[in-house]
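Written below as structure tokens is the structure these notes are about.
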Amino acid sequence: MALSPYPFNQDSLLEASVARGITETGGIALPWQHDSTVTHSESTPLYNLLLAFAASTLGVDPVFAVQWVVAAVSVLLVLTAYVLLVSITGDVRAALAGAFFIGLFGTMVYVTASGWKISLGISLWVLLVYAYSQRQRRGMKLVVILLLLVLPFVHHLAAIVGYMSLAFLVSWSWVYAVIRGNTTKRHFEELFVLLIMSVVALGYYYAVSFDRLEYIGSFVGVLFLGASTLVAFLAAIAGLLKKSHVRVTFAPLPAVLILAVSVLDYNGFVFDYVPSTTFLNYFLIAVASAVMIFLGWYGLECIIESESRFRAIPLGLLLPPITLIFFALVSPSVENKHQLIYRTFDLADPAIGVGIGLAFFALFTRPNWAKVAPAVMAIFLSVLLATLPFGIYTHEFTGVRHDTQPYEIELVDWMMAGSQDVRYDVCTDERLAYVVWALYGLGMNNSLPSMLQNNNSLAPGVFYVYEEFWSVDGVNDYPNGVVTVSSEFVDSLMQVENVIYVGGPSDNRAVVWVPSWIGETRNNWVPLMS
């Protein structure tokens, strides 16, 4: 499970740092150095409290407890998807297919294996949908209410998709009941609970001035989000009400669409940010995504065209991410569209996983297809396993490194211990800058790759941290993509700068230096070549 004793993904470090503060101070209100983290971590503290509790129970530093908590949360998501599919289909084989997708698909593994709060949020969101599907049981009604109360304290995006899912499912329940003329007390109870909980959640975020909902913080943002939601809901309800269906499937269309968008994105026609991987790797994950979307879409068609009482449930998982992606594209209130879209895209995976399970249920139960079902399952698992490295070995397969190794933490510890009298800034790449910011509260300066590539002057009073893999595999220089720093240039630079630390493994040494007089007085210096 662990590539190092530190969190599998650097995104876990901030949450672990907050949990460490909770265990040390006994309170959630921490002495933050950066305003940007105040409401983000103090107003959504549930995951941090969970980490702090686990660390205290295990008697370890929260930084080391993250991986165990993440593993438990990931298992919760896989099991919930499995149980949901069993309840819908009654077929263990189909349920396993959907669970395999959740547990093995590379991009989903990356999201759920991260200590980012959305990993817990996704699990609780799918559990909310499952609990609603079983609401005829009294205990599940209480679970629905409890999850609606909890989600706003976990993660804002998870709260939004959770409430949107329930809003659609309640809306569909009302439409179906009105058409049949049999509205009951249950329909009013569900609507009342949803409205009350929504007011409570919005009131809470407003009261704490939550800083991560700026894209709907204006009237224009709220208007566009409401309009996007209404369009998606009406389209889905129209599909559920349709009595007749075409004989052919539309599943190839979204599969082809994702391939086309992927090719355009890789060549810079969709976003300014260039993907940090080879075309072969990018094409493999794009093709795998297309295959999964094809199966998932077909499974959704199958259940929508059926008489199952669960036929709206998968749509309840799919509509929120689709709505948010559409909102990000059309709303002028969303400035960083790329960020909102890529953070939302993986939220479609639970719906795709459920759809895949439903597609295999059709394969296993239809006489003409039952014979080929095992072969299709084998191909399906092969494609899933081919994507798994993308979620674990991100450096090798995507060009963007996310793991954190002990020697890197030791390096930063050494810098902090040696600069207690003088507060030095640290300048390095995107990943290590995040590590320094998350664990030590320093500014997040990730400009060193560009500075080395452009031969810019180096400011005094700064620790510069370089790792040798920058000159071998390249380094992520967000938002510009991969930068490969010339090793000859760096060797010449080290001859005239004050190198104060060299550590790490022999194949990827980490170097720390502070500028000499050359870095302070002269731009675009000429490398000293022998």
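By convention in this document, the chains of the structure tokens carry letters A, B, ... by their order, each chain's residues are numbered from 1, and ligands are numbered from 1 in the order they are shown.
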
Residues at most 12 Å from Ala286 (chain A), counting only C-alpha atoms, excluding those fewer than 2 positions away in the same chain, as number ranges by chain?
-> A: 106-107, 255-266, 279-284, 288-293, 383, 386-387, 390

Resulting file, chosen residues, N, CA, C and O atoms, as a short mmCIF file (atom, residue, chain, number, x, y, z; two decimals), in the first residue's frame:
data_model
loop_
_atom_site.label_atom_id
_atom_site.label_comp_id
_atom_site.auth_asym_id
_atom_site.auth_seq_id
_atom_site.Cartn_x
_atom_site.Cartn_y
_atom_site.Cartn_z
N GLY A 106 -7.61 3.66 -13.12
CA GLY A 106 -6.48 4.48 -12.71
C GLY A 106 -6.83 5.84 -12.13
O GLY A 106 -6.38 6.20 -11.04
N THR A 107 -7.63 6.62 -12.86
CA THR A 107 -7.94 7.96 -12.36
C THR A 107 -8.78 7.91 -11.09
O THR A 107 -8.64 8.77 -10.22
N ALA A 255 -18.45 7.95 -26.04
CA ALA A 255 -17.12 7.36 -26.13
C ALA A 255 -16.28 8.09 -27.18
O ALA A 255 -15.11 8.42 -26.94
N VAL A 256 -16.87 8.35 -28.34
CA VAL A 256 -16.16 9.08 -29.39
C VAL A 256 -15.90 10.52 -28.95
O VAL A 256 -14.83 11.09 -29.22
N LEU A 257 -16.85 11.11 -28.25
CA LEU A 257 -16.68 12.48 -27.78
C LEU A 257 -15.49 12.61 -26.85
O LEU A 257 -14.68 13.54 -26.98
N ILE A 258 -15.34 11.67 -25.92
CA ILE A 258 -14.22 11.75 -24.97
C ILE A 258 -12.90 11.56 -25.69
O ILE A 258 -11.89 12.18 -25.34
N LEU A 259 -12.87 10.73 -26.72
CA LEU A 259 -11.64 10.56 -27.50
C LEU A 259 -11.29 11.85 -28.24
O LEU A 259 -10.13 12.28 -28.26
N ALA A 260 -12.30 12.46 -28.86
CA ALA A 260 -12.05 13.69 -29.62
C ALA A 260 -11.57 14.81 -28.70
O ALA A 260 -10.61 15.53 -29.02
N VAL A 261 -12.23 14.98 -27.56
CA VAL A 261 -11.84 16.02 -26.61
C VAL A 261 -10.43 15.76 -26.09
O VAL A 261 -9.64 16.69 -25.90
N SER A 262 -10.10 14.49 -25.86
CA SER A 262 -8.78 14.16 -25.36
C SER A 262 -7.69 14.54 -26.35
O SER A 262 -6.66 15.10 -25.97
N VAL A 263 -7.91 14.23 -27.63
CA VAL A 263 -6.92 14.58 -28.65
C VAL A 263 -6.77 16.09 -28.75
O VAL A 263 -5.66 16.63 -28.83
N LEU A 264 -7.89 16.80 -28.73
CA LEU A 264 -7.84 18.26 -28.80
C LEU A 264 -7.14 18.85 -27.57
O LEU A 264 -6.34 19.78 -27.68
N ASP A 265 -7.45 18.28 -26.41
CA ASP A 265 -6.84 18.78 -25.18
C ASP A 265 -5.34 18.55 -25.18
O ASP A 265 -4.56 19.43 -24.77
N TYR A 266 -4.91 17.39 -25.63
CA TYR A 266 -3.48 17.09 -25.63
C TYR A 266 -2.70 18.05 -26.54
O TYR A 266 -1.55 18.37 -26.28
N PHE A 279 2.19 11.12 -25.61
CA PHE A 279 0.92 10.90 -26.31
C PHE A 279 0.45 9.47 -26.14
O PHE A 279 -0.75 9.21 -26.02
N LEU A 280 1.39 8.49 -26.12
CA LEU A 280 1.01 7.09 -25.96
C LEU A 280 0.30 6.86 -24.63
O LEU A 280 -0.75 6.21 -24.57
N ASN A 281 0.87 7.40 -23.55
CA ASN A 281 0.23 7.26 -22.24
C ASN A 281 -1.13 7.95 -22.21
O ASN A 281 -2.11 7.42 -21.70
N TYR A 282 -1.16 9.16 -22.74
CA TYR A 282 -2.40 9.92 -22.75
C TYR A 282 -3.46 9.22 -23.58
O TYR A 282 -4.64 9.15 -23.19
N PHE A 283 -3.06 8.67 -24.73
CA PHE A 283 -4.00 7.98 -25.61
C PHE A 283 -4.52 6.71 -24.95
O PHE A 283 -5.70 6.37 -25.07
N LEU A 284 -3.66 6.01 -24.20
CA LEU A 284 -4.09 4.79 -23.52
C LEU A 284 -5.19 5.09 -22.50
O LEU A 284 -6.22 4.41 -22.46
N ALA A 288 -9.06 3.90 -22.75
CA ALA A 288 -9.64 3.17 -21.62
C ALA A 288 -10.87 3.90 -21.09
O ALA A 288 -11.90 3.28 -20.77
N SER A 289 -10.79 5.22 -21.00
CA SER A 289 -11.94 6.01 -20.53
C SER A 289 -13.10 5.87 -21.49
O SER A 289 -14.27 5.75 -21.06
N ALA A 290 -12.81 5.86 -22.79
CA ALA A 290 -13.87 5.72 -23.79
C ALA A 290 -14.55 4.36 -23.66
O ALA A 290 -15.78 4.26 -23.76
N VAL A 291 -13.76 3.31 -23.44
CA VAL A 291 -14.34 1.97 -23.27
C VAL A 291 -15.25 1.94 -22.05
O VAL A 291 -16.37 1.40 -22.10
N MET A 292 -14.78 2.52 -20.94
CA MET A 292 -15.57 2.51 -19.71
C MET A 292 -16.85 3.34 -19.87
O MET A 292 -17.92 2.95 -19.38
N ILE A 293 -16.72 4.48 -20.54
CA ILE A 293 -17.90 5.31 -20.76
C ILE A 293 -18.90 4.61 -21.66
O ILE A 293 -20.13 4.69 -21.45
N VAL A 383 -8.28 -4.06 -19.50
CA VAL A 383 -8.22 -2.61 -19.71
C VAL A 383 -8.10 -1.89 -18.37
O VAL A 383 -7.32 -0.93 -18.22
N ALA A 386 -4.63 -2.16 -17.07
CA ALA A 386 -3.70 -1.32 -17.83
C ALA A 386 -3.72 0.12 -17.35
O ALA A 386 -2.72 0.84 -17.49
N THR A 387 -4.84 0.55 -16.76
CA THR A 387 -4.93 1.94 -16.28
C THR A 387 -4.47 2.09 -14.84
O THR A 387 -4.21 3.21 -14.39
N PHE A 390 -1.56 4.36 -13.73
CA PHE A 390 -1.76 5.80 -13.82
C PHE A 390 -2.18 6.38 -12.48
O PHE A 390 -1.95 7.56 -12.21
#

Filtered DSSP result for region 109-299 of chain A, state helix (DSSP H, G or I), as a PyMOL selection string = chain A and resi 109-112+117-133+138-153+156-180+185-207+214-216+219-241+252-266+279-299

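Using only C-alpha atoms, the nearest neighbour of Arg212 (chain A) within the list A:Ala351, A:Val376, A:Ile160, A:Leu128 is A:Ile160.
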
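Nearest residue to Ala359 (chain A), choosing from A:Tyr132, A:Trp297, A:Tyr478, A:Tyr407 and counting only C-alpha atoms: A:Trp297.
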